[in-house]
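Read through the structure below, which is laid out as structure tokens, and then see the notes.
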Amino acid sequence: MCFFRSKKGQTSEQRKEILKIKDDLNEIAGYLNDFLDFLPLAICDLSPSGAIMNINKELEVLSGFYSLDIVGKNFSEIFLEKARIQELIAQARKKGVIKSQEFTLNSKSDKRISVNVSIAARRDKNEDIIGYFVGVIDISVLGEIRSKMEKELFVRTADLEQSRAALLNMLEDTELARARAEEEKKKTETIFTNFVDGLLVFDLNKRLELINPKAETLLSANKKELIGKKIDELSFVPGIKMLNTKMKGELKEVFRQELVLGEKLYLEVTTNFILAQNQKMAFLVILHDITREKEIEQIKSQFVSVAAHQLRTPLSIIKWSLDMVLKGDAGKITNQQKDFLSKTFQTNERLIRIINDLLNVARIEEGRYVYQPKILEFNELVGQVFDSLKDLAKIKKLSFKLNIVDSSKPKVVKVDIEKMSLAMKNLLENAINYTKGGGKILVQLERKDKHLEFSVKDTGVGIPKEHQARIFSKFFRSANVIKMETDGSGLGLFIAKNVVEAHGGKIWFTSEENKGTTFFFTLPTVI
Amino acid sequence: MKERLSKKEAQKLMQMPGNVRGGVILANLEFIRQKAGQSEMGRVQERLKEMGIAFNLKELKPMEFYPEALSVLTVLLVKEILNLDDNGVFEMGKAGIKLSLFIKTLTKYFISLRQCFEESPRYWQKHFDFGELEPIELNEERKYAIIRIKGYKYHPIMCLYHRGYFLQIAELVLGRSGASIEETKCVHKKDPYHEYIIRWK
């Protein structure tokens with residue numbers, strides 16, 4: 001059916017031309033519809049006032065609205081940000097094209113979709129606005145990703161905030177700890193600086209790290225010249241050189257060793273490793289000035305020495321006089337008188353021994369205990385001392401034996417005969433005095449490698465454990481022997497120790513109370 | 001009760017002169033497609049056939065002229081098939097603008113109310129080869145416009161349809177909904193023309 005009706009006045013050619021143009025227009029319209037249906041981009045066009053004129057299929061799918069629903073409505077009505085859409089249109093009117101602005105499309109099903117909106121103004125030949133083309137791109141996936149990232153960021157930020165707060169707390173704690181440590185450090189520094197003893201701290205590489213003013217004074221050294229130097233490099237300081245010699249070049253623990261600096265300065269040095277959690281951290285040297293004690297001791301020794309000397313002469317005269325009277329040189333005396341005088345004589349003898357011991361001690365302490373060493377076969381000296389005490393042992397009914405182990409082996413030593421005899425005599429007398437009748441004493445001499453070992457073993461009262469540490473001290477006598485009321489000055493073992501050590505030997509003992517004691521000493525052999 | 005268009009009534013309409021662009025008829029068909037789907041649109045074709053009108057709707061071209069009677073018949077048939085009330089017809093009139101591709105090409109007339117008002121006779125002429133649209137008064141201050149349609153008397157349903165149609169144009173120009181339209185004179189009420197007054201806020 002053809003409904004076309006020609007207008008009056010149109011020629012056949014004109015009608016044909018018009019029909020052709022209509023066909024072209026229809027084809028263009030069909031093409032445009034197909035194109036818009038196909039286009040995977042959501043687009044629409046707006047009237048100059050912003051009303052939606054047309055939407056394509058993609059925008060229908062995206063928004064859920066059919067043309068029927070939204071054509072004629074203002075474009076802003078399908079967005080949450082209505083005012084911003086109006087601004088966008090106004091900007092497009094001014095600038096022509098605005099691209100990729102982010103908005104939230106509110107779909108028919110009330111779903112919020114993040115979109116990018118681009119808009120271009122359309123103008124006629126007079127530059128008047130005749131509408132707008134709009135492109136809408138779904139960026140909800142990007143939006144979701146961003147939203148997730150924002151959430152993630154929020155969580156991370158929260159974590160970071162927590163971490164920050166924790167760090168701040170830690171910093172606060174650290175600051176408090178630092179302040180405390182600083183205070184402790186100051187205290188330690190104050191103590192270190194003002195400590196009455198001289199203190200030196202070396203690192204484990206033997207470098208001097210710290211020295212307090214007292215140590216500077218004692219060593220007559222300047223801190224600036226010492227700090228950072230190794231102990232070997234500090235030999236220009238006599239005190240440190242002597243210490244290093246005592247430690248044999250190593251960082252070695254020593255306890256209360258004496259250093260004599262010049263004539264008037266005596267130092268007692270103790271070294272120790274500073275430990276932290278059982279790890280060696282540094283090496284501490286403590287210099288304790290004992291000059292004053294030494295002076296007092298010297299004065300005491302001098303007093304004792306002078307007193308002893310002064311006493312020895314009258315005691316010798318008394319001894320001589322008593323001896324004469326007892327022998328009848330001054331006439332006959334009764335038995336009773338003889339008995340009294342004998343006791344007096346023995347007491348006088350005891351006093352003389354004490355005086356001699358005191359003099360020996362005084363000499364030892366004054367450093368005047370001069371040794372006159374001689375090379376000899378030690379067997380002989382031991383035999384002499386042993387023999388001199390046989391009678392005493394016999395009186396006490398003791399088994400008193402000497403055992404020279406492997407007598408064919410040379411036992412040659414370099415000793416001061418008088419002093420070494422005294423030392424051995426002291427040990428043997430102790431054994432005899434503190435062993436009850438019927439007991440046993442074994443004196444033994446044995447060569448061991450490059451030294452001799454001398455021992456005196458008894459079955460005597462023994463030394464109580466609590467007294468063993470002090471047994472070589474001056475005037476010390478164990479409680480159990482005091483009860484026995486035996487003679488004794490408490491100086492014998494002190495003298496013996498000093499004699500042995502002066503000969504380069506060592507002295508020690510093993511003892512069990514009520515079972516017996518064995519004293520040992522060693523001496524280096526010459527051959 | 002559902003009104004059913006009679007063959008006689010249809011044939012009578014088809015005798016009336018006057019043509020309209022195919023785009024207007026296509027918009028009516030798109031309306032039923034969007035409202036009820038493709039199958040319901042097919043029923044329009046069936047009903048035309050029942051009434052002895054052998055026209056293949058698939059051959060409609062937007063730029064071509066076809067009898068206005070065919071356009072009126074599609075309006076009546078869509079109303080019948082979808083059982084539309086007055087408001088539905090009014091909405092179909094609005095859809096005539098919304099769903100017409102051709103109308104999109106005429107946005108240059110929608111720059112301003114004044115221009116649209118003044119260009120409206122030409123707009124009519126581009127769509128119809130009969131009758132005329134006469135702009136009577138535009139009062140932008142008091143926000144109303146009066147237009148008249150002369151030489152158009154097909155079926156009273158078109159008064160409703162045109163109310164929607166012209167109102168939609170006004171809203172497109174205004175860029176917002178919320179305007180109203182009233183038919184103050186009607187040829188079916190023995191007035192010499194149709195007169196519409198459009199008001200907006």
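Note on naming: chains are A, B, ... as they come in the structure tokens, residues start from 1 per chain, ligands start from 1 in the order shown.
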Original post:
Which parts of stretch 34-181 of chain B does DSSP call alpha helix (DSSP H) when run on the backbone here, written out as JSON, numbers by chain?
Top reply: {"B": [34, 35, 36, 38, 39, 40, 41, 42, 43, 44, 45, 46, 47, 48, 49, 50, 68, 69, 70, 71, 72, 73, 74, 75, 76, 77, 78, 79, 80, 81, 82, 86, 87, 88, 89, 90, 91, 92, 93, 94, 95, 96, 97, 98, 101, 102, 103, 104, 113, 114, 115, 116, 117, 118, 119, 120, 121, 122, 123, 124, 125, 126, 127, 157, 158, 159, 160, 161, 162, 163, 164, 165, 166, 167, 168, 169, 170, 171, 172, 173, 174]}
Subject >> Check: which chain A residues lie within 8 Å of chain B using only C-alpha atoms, as a list in words >> reply: Met1, Phe3, Phe4, Lys22, Leu25, Asn26, Ala29, Ser47, Pro48, Ser49, Gly50, Ala51, Ile52, Met53, Asn54, Tyr66, Ser67, Leu68, Val71, Gly72, Lys73, Asn74, Asp124, Asp128, Ile129, Ile130 and Gly131 of chain A
Per residue of stretch 441-486 of chain A within 6 Å of stretch 494-507 of chain A, what are the shortest atom pair and its distance in Å to one decimal, counting only C-alpha atoms, with rows by chain and residue number, as a tab-separated table?
```
residue	atom	partner	partner_atom	distance
A:Phe472	CA	A:Phe494	CA	4.9
A:Ser473	CA	A:Phe494	CA	5.7
A:Lys474	CA	A:Phe494	CA	5.6
```
Restricting the output to N, CA and C atoms, write the selected residues as a PDB file, in the first residue's frame.
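Once everything was written out, this is part-v1.pdb:
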```pdb
ATOM      1  N   PHE A 472      97.553 -20.578 107.746  1.00  0.00           N
ATOM      2  CA  PHE A 472      98.881 -20.003 107.505  1.00  0.00           C
ATOM      3  C   PHE A 472      98.990 -18.544 107.977  1.00  0.00           C
ATOM      4  N   SER A 473      97.903 -18.059 108.641  1.00  0.00           N
ATOM      5  CA  SER A 473      97.948 -16.667 109.094  1.00  0.00           C
ATOM      6  C   SER A 473      98.772 -16.548 110.376  1.00  0.00           C
ATOM      7  N   LYS A 474      99.292 -15.336 110.588  1.00  0.00           N
ATOM      8  CA  LYS A 474     100.097 -15.059 111.778  1.00  0.00           C
ATOM      9  C   LYS A 474      99.273 -15.236 113.048  1.00  0.00           C
TER      10      LYS A 474
END
```
Residues near stretch 150-165 of chain B, cut-off 10 Å, only C-alpha atoms, skip fewer than 5 positions along chain, as a short mmCIF file (atom, residue, chain, number, x, y, z; two decimals) with N, CA and C atoms, in the first residue's frame:
```cif
data_model
loop_
_atom_site.label_atom_id
_atom_site.label_comp_id
_atom_site.auth_asym_id
_atom_site.auth_seq_id
_atom_site.Cartn_x
_atom_site.Cartn_y
_atom_site.Cartn_z
N LYS B 12 -13.71 3.44 8.53
CA LYS B 12 -14.18 4.82 8.45
C LYS B 12 -13.02 5.79 8.66
N LEU B 13 -12.20 5.45 9.64
CA LEU B 13 -11.03 6.29 9.92
C LEU B 13 -10.10 6.33 8.73
N MET B 14 -9.89 5.15 8.13
CA MET B 14 -8.93 5.06 7.04
C MET B 14 -9.36 5.88 5.82
N MET B 16 -10.26 8.91 6.08
CA MET B 16 -9.99 10.32 6.36
C MET B 16 -8.63 10.73 5.78
N PRO B 17 -8.56 11.90 5.23
CA PRO B 17 -7.32 12.34 4.59
C PRO B 17 -6.27 12.80 5.62
N GLY B 18 -5.07 13.04 5.14
CA GLY B 18 -3.99 13.56 6.02
C GLY B 18 -2.93 12.51 6.31
N GLU B 68 -2.50 9.57 8.60
CA GLU B 68 -2.66 9.86 10.03
C GLU B 68 -3.64 8.87 10.63
N ALA B 69 -4.58 8.41 9.78
CA ALA B 69 -5.56 7.43 10.27
C ALA B 69 -4.86 6.18 10.78
N SER B 71 -1.95 6.09 12.10
CA SER B 71 -1.39 6.45 13.40
C SER B 71 -2.47 6.40 14.47
N VAL B 72 -3.67 6.97 14.14
CA VAL B 72 -4.77 6.98 15.11
C VAL B 72 -5.19 5.54 15.44
N LEU B 73 -5.21 4.69 14.38
CA LEU B 73 -5.59 3.30 14.60
C LEU B 73 -4.60 2.60 15.55
N VAL B 75 -2.91 3.97 17.86
CA VAL B 75 -3.17 4.46 19.22
C VAL B 75 -4.36 3.72 19.83
N LEU B 76 -5.41 3.60 19.02
CA LEU B 76 -6.62 2.92 19.50
C LEU B 76 -6.34 1.45 19.82
N LYS B 79 -4.24 1.08 22.96
CA LYS B 79 -5.12 1.30 24.12
C LYS B 79 -5.95 0.03 24.39
N ASP B 86 -7.36 6.74 30.48
CA ASP B 86 -7.02 8.04 29.89
C ASP B 86 -5.56 8.41 30.15
N ASN B 87 -5.16 8.12 31.35
CA ASN B 87 -3.78 8.45 31.71
C ASN B 87 -2.79 7.66 30.86
N GLY B 88 -3.14 6.42 30.58
CA GLY B 88 -2.28 5.58 29.75
C GLY B 88 -2.15 6.15 28.35
N VAL B 89 -3.25 6.64 27.85
CA VAL B 89 -3.22 7.24 26.50
C VAL B 89 -2.37 8.51 26.54
N PHE B 90 -2.56 9.26 27.62
CA PHE B 90 -1.78 10.48 27.81
C PHE B 90 -0.27 10.14 27.80
N GLU B 91 0.07 9.07 28.51
CA GLU B 91 1.48 8.64 28.56
C GLU B 91 1.95 8.19 27.19
N MET B 92 1.06 7.53 26.44
CA MET B 92 1.44 7.11 25.09
C MET B 92 1.73 8.32 24.22
N GLY B 93 0.96 9.43 24.45
CA GLY B 93 1.21 10.67 23.73
C GLY B 93 2.60 11.21 24.06
N LYS B 94 2.94 11.12 25.32
CA LYS B 94 4.27 11.57 25.72
C LYS B 94 5.35 10.70 25.09
N ALA B 95 5.05 9.38 25.02
CA ALA B 95 6.02 8.46 24.44
C ALA B 95 6.22 8.74 22.95
N GLY B 96 5.20 9.32 22.32
CA GLY B 96 5.33 9.69 20.91
C GLY B 96 6.54 10.59 20.69
N ILE B 97 6.81 11.39 21.71
CA ILE B 97 8.01 12.24 21.65
C ILE B 97 9.24 11.49 22.15
N LYS B 98 9.06 10.82 23.27
CA LYS B 98 10.21 10.15 23.90
C LYS B 98 10.85 9.11 22.99
N PHE B 130 -1.12 17.99 6.75
CA PHE B 130 -2.46 18.59 6.81
C PHE B 130 -2.57 19.37 8.11
N GLY B 131 -3.61 20.16 8.20
CA GLY B 131 -3.86 20.93 9.42
C GLY B 131 -2.72 21.90 9.71
N GLU B 132 -2.87 22.54 10.86
CA GLU B 132 -1.79 23.45 11.24
C GLU B 132 -1.76 23.65 12.75
N LEU B 133 -0.58 24.01 13.22
CA LEU B 133 -0.41 24.31 14.64
C LEU B 133 -0.17 25.81 14.74
N GLU B 134 -0.97 26.45 15.57
CA GLU B 134 -0.87 27.91 15.65
C GLU B 134 -0.48 28.33 17.06
N ALA B 170 7.04 20.36 25.72
CA ALA B 170 7.27 21.48 26.66
C ALA B 170 8.29 21.08 27.73
N SER B 180 2.07 21.16 33.22
CA SER B 180 0.72 20.60 33.02
C SER B 180 0.11 21.15 31.72
N ILE B 181 -0.88 20.42 31.23
CA ILE B 181 -1.52 20.86 29.97
C ILE B 181 -3.04 20.65 30.09
N GLU B 182 -3.74 21.56 29.48
CA GLU B 182 -5.21 21.47 29.54
C GLU B 182 -5.76 21.80 28.14
N GLU B 183 -6.72 20.97 27.71
CA GLU B 183 -7.36 21.27 26.42
C GLU B 183 -8.56 22.17 26.71
N LYS B 185 -10.20 24.00 24.33
CA LYS B 185 -11.18 23.96 23.25
C LYS B 185 -10.94 22.71 22.43
N CYS B 186 -12.07 22.16 21.89
CA CYS B 186 -11.92 20.89 21.18
C CYS B 186 -12.96 20.81 20.06
N VAL B 187 -12.50 20.34 18.93
CA VAL B 187 -13.41 20.25 17.79
C VAL B 187 -14.52 19.23 18.02
N HIS B 188 -14.18 18.26 18.93
CA HIS B 188 -15.21 17.26 19.23
C HIS B 188 -16.26 17.81 20.18
N LYS B 189 -16.01 19.03 20.65
CA LYS B 189 -17.01 19.71 21.50
C LYS B 189 -17.57 20.92 20.77
N PRO B 192 -14.14 25.33 17.02
CA PRO B 192 -13.56 25.31 15.65
C PRO B 192 -12.14 24.74 15.61
N TYR B 193 -11.55 24.56 16.72
CA TYR B 193 -10.16 24.04 16.76
C TYR B 193 -9.90 23.46 18.16
N HIS B 194 -8.72 22.82 18.20
CA HIS B 194 -8.27 22.37 19.53
C HIS B 194 -7.40 23.48 20.11
N GLU B 195 -7.61 23.75 21.37
CA GLU B 195 -6.74 24.77 22.01
C GLU B 195 -6.18 24.17 23.32
N TYR B 196 -4.90 24.31 23.45
CA TYR B 196 -4.23 23.76 24.65
C TYR B 196 -3.52 24.89 25.38
N ILE B 197 -3.63 24.84 26.69
CA ILE B 197 -2.85 25.79 27.50
C ILE B 197 -1.86 24.98 28.36
N ILE B 198 -0.62 25.34 28.20
CA ILE B 198 0.45 24.61 28.93
C ILE B 198 0.97 25.54 30.03
#
```
Non-local contacts of stretch 345-352 of chain A (7 Å; only C-alpha atoms; under 4 positions in same chain excluded) as a PDB file with C-alpha atoms, in the first residue's frame:
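Printed below is around.pdb as written:
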```pdb
ATOM      1  CA  ARG A 312     116.338 -11.830 124.072  1.00  0.00           C
ATOM      2  CA  LEU A 315     116.293 -14.026 128.591  1.00  0.00           C
ATOM      3  CA  LYS A 319     118.800 -19.068 130.660  1.00  0.00           C
ATOM      4  CA  LEU A 322     119.449 -20.975 135.499  1.00  0.00           C
ATOM      5  CA  LEU A 341     114.161 -23.969 138.534  1.00  0.00           C
ATOM      6  CA  ASN A 356     112.935 -15.955 117.925  1.00  0.00           C
TER       7      ASN A 356
END
```
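Across stretch 66-164 of chain B, DSSP run on the backbone finds strand (DSSP E) at Tyr66, Pro67, Glu132, Leu133, Glu134, Pro135, Ile136, Glu137, Leu138, Asn139, Tyr144, Ala145, Ile146, Ile147, Arg148, Ile149 and Lys150 of chain B.
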**OP:** Name all residues at most 9 Å from stretch 37-40 of chain B (count only C-alpha atoms; drop same-chain ones fewer than 4 positions away) and give them as an MDAnalysis selection string.
**Re:** chainID B and resid 30 32:33 44 78 81:82
Original post:
Could you name the residues that touch stretch 110-121 of chain A at 8 Å or less, counting only C-alpha atoms, but leaving out those on the same chain fewer than 4 positions away, as an MDAnalysis selection string?
Top reply: chainID A and resid 88:89 92:93 96:106 129:140 143
Subject >> Distance in Å - atom CA of A:Thr435 versus atom CA of A:Trp508 >> reply: 18.9 Å
Subject >> Exercise: stretch 391-405 of chain A partners within 7 Å, only C-alpha atoms, chain neighbours under 4 positions left out, as a PyMOL selection string >> reply: chain A and resi 432+437-446
